[in-house]
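In what follows, a structure is listed as structure tokens, so that the remarks can point back to it.
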Amino acid sequence: MKDRFGQSVEIGDVVRVVSVCQEFLDCLPDDERIHIAGMLNNEYPIDDFPESGKASVSISWEIEEGITGHGGLYLLPDEFELVRKKNTNELHLRM
């Protein structure tokens, strides 16, 4: 799979979320929406390729002591960019 600049990505590579579909956000419960919307412009490792042409990134947050929320995004290539390859410090910066 490739990011928005055509760079190949693999599971474990760190990517920056550059777009989140507003229609998707509108469907989420209020208490989850803030966390998923907050993923925009932040970096996450790819944890899966759940469907052809989509990369998955995930987050967790503390709801209250001992209770954790989980969520994430399935990203299309134009919604993310490679920041760093897995197991390297090689940065891929785009301006």
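Identifiers for the structure tokens are assigned positionally: chains receive A, B, ... in sequence, residues are indexed from 1 per chain, and ligands are indexed from 1 in the order shown.
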
Spatial neighbours of His35 (chain A), max dist 8 Å, only C-alpha atoms, sep filter under 4 positions, as an mmCIF file with C-alpha atoms, in the first residue's frame:
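Listing of around15.cif after writing:
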data_model
loop_
_atom_site.group_PDB
_atom_site.id
_atom_site.type_symbol
_atom_site.label_atom_id
_atom_site.label_comp_id
_atom_site.auth_asym_id
_atom_site.auth_seq_id
_atom_site.Cartn_x
_atom_site.Cartn_y
_atom_site.Cartn_z
ATOM 1 C CA ASP A 31 -17.492 10.788 24.036
ATOM 2 C CA MET A 39 -6.049 11.895 15.698
ATOM 3 C CA TRP A 61 -7.656 6.561 26.149
#

Picked from chain A by DSSP as strand (DSSP E or B), as a ChimeraX atom specification
/A:2,8,14-17,43-45,48-51,54-64,67-75,80-84,91

For region 8-15 of chain A: contacts at 8 Å, only C-alpha atoms, fewer than 6 positions along chain excluded, given as a PyMOL selection string:
chain A and resi 1-2+43-49+80-86

Would you please extract all helix (DSSP H, G or I) residues from region 28-65 of chain A, as assigned by DSSP on the backbone, and give them as a list in words?
Asp30, Asp31, Glu32, Arg33, Ile34, His35, Ile36 and Ala37 of chain A

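One distance worth recording is that between CA of Ser60 (chain A) and CA of Leu76 (chain A), which is 21.0 Å.
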
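Close contacts of Ala37 (chain A), defined as residues with an atom at most 9 Å away when counting only C-alpha atoms, with chain neighbours fewer than 4 positions off set aside, comprise A:Val20, A:Gln22, A:Leu25, A:Glu32, A:Arg33.
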
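If you measure from each of A:Gly69, A:Phe5, A:Leu75, A:Lys54 to Ile34 (chain A) using only C-alpha atoms, the closest one turns out to be A:Gly69.
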
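One distance worth recording is that between CA of Arg4 (chain A) and CA of Asp26 (chain A), which is 24.1 Å.
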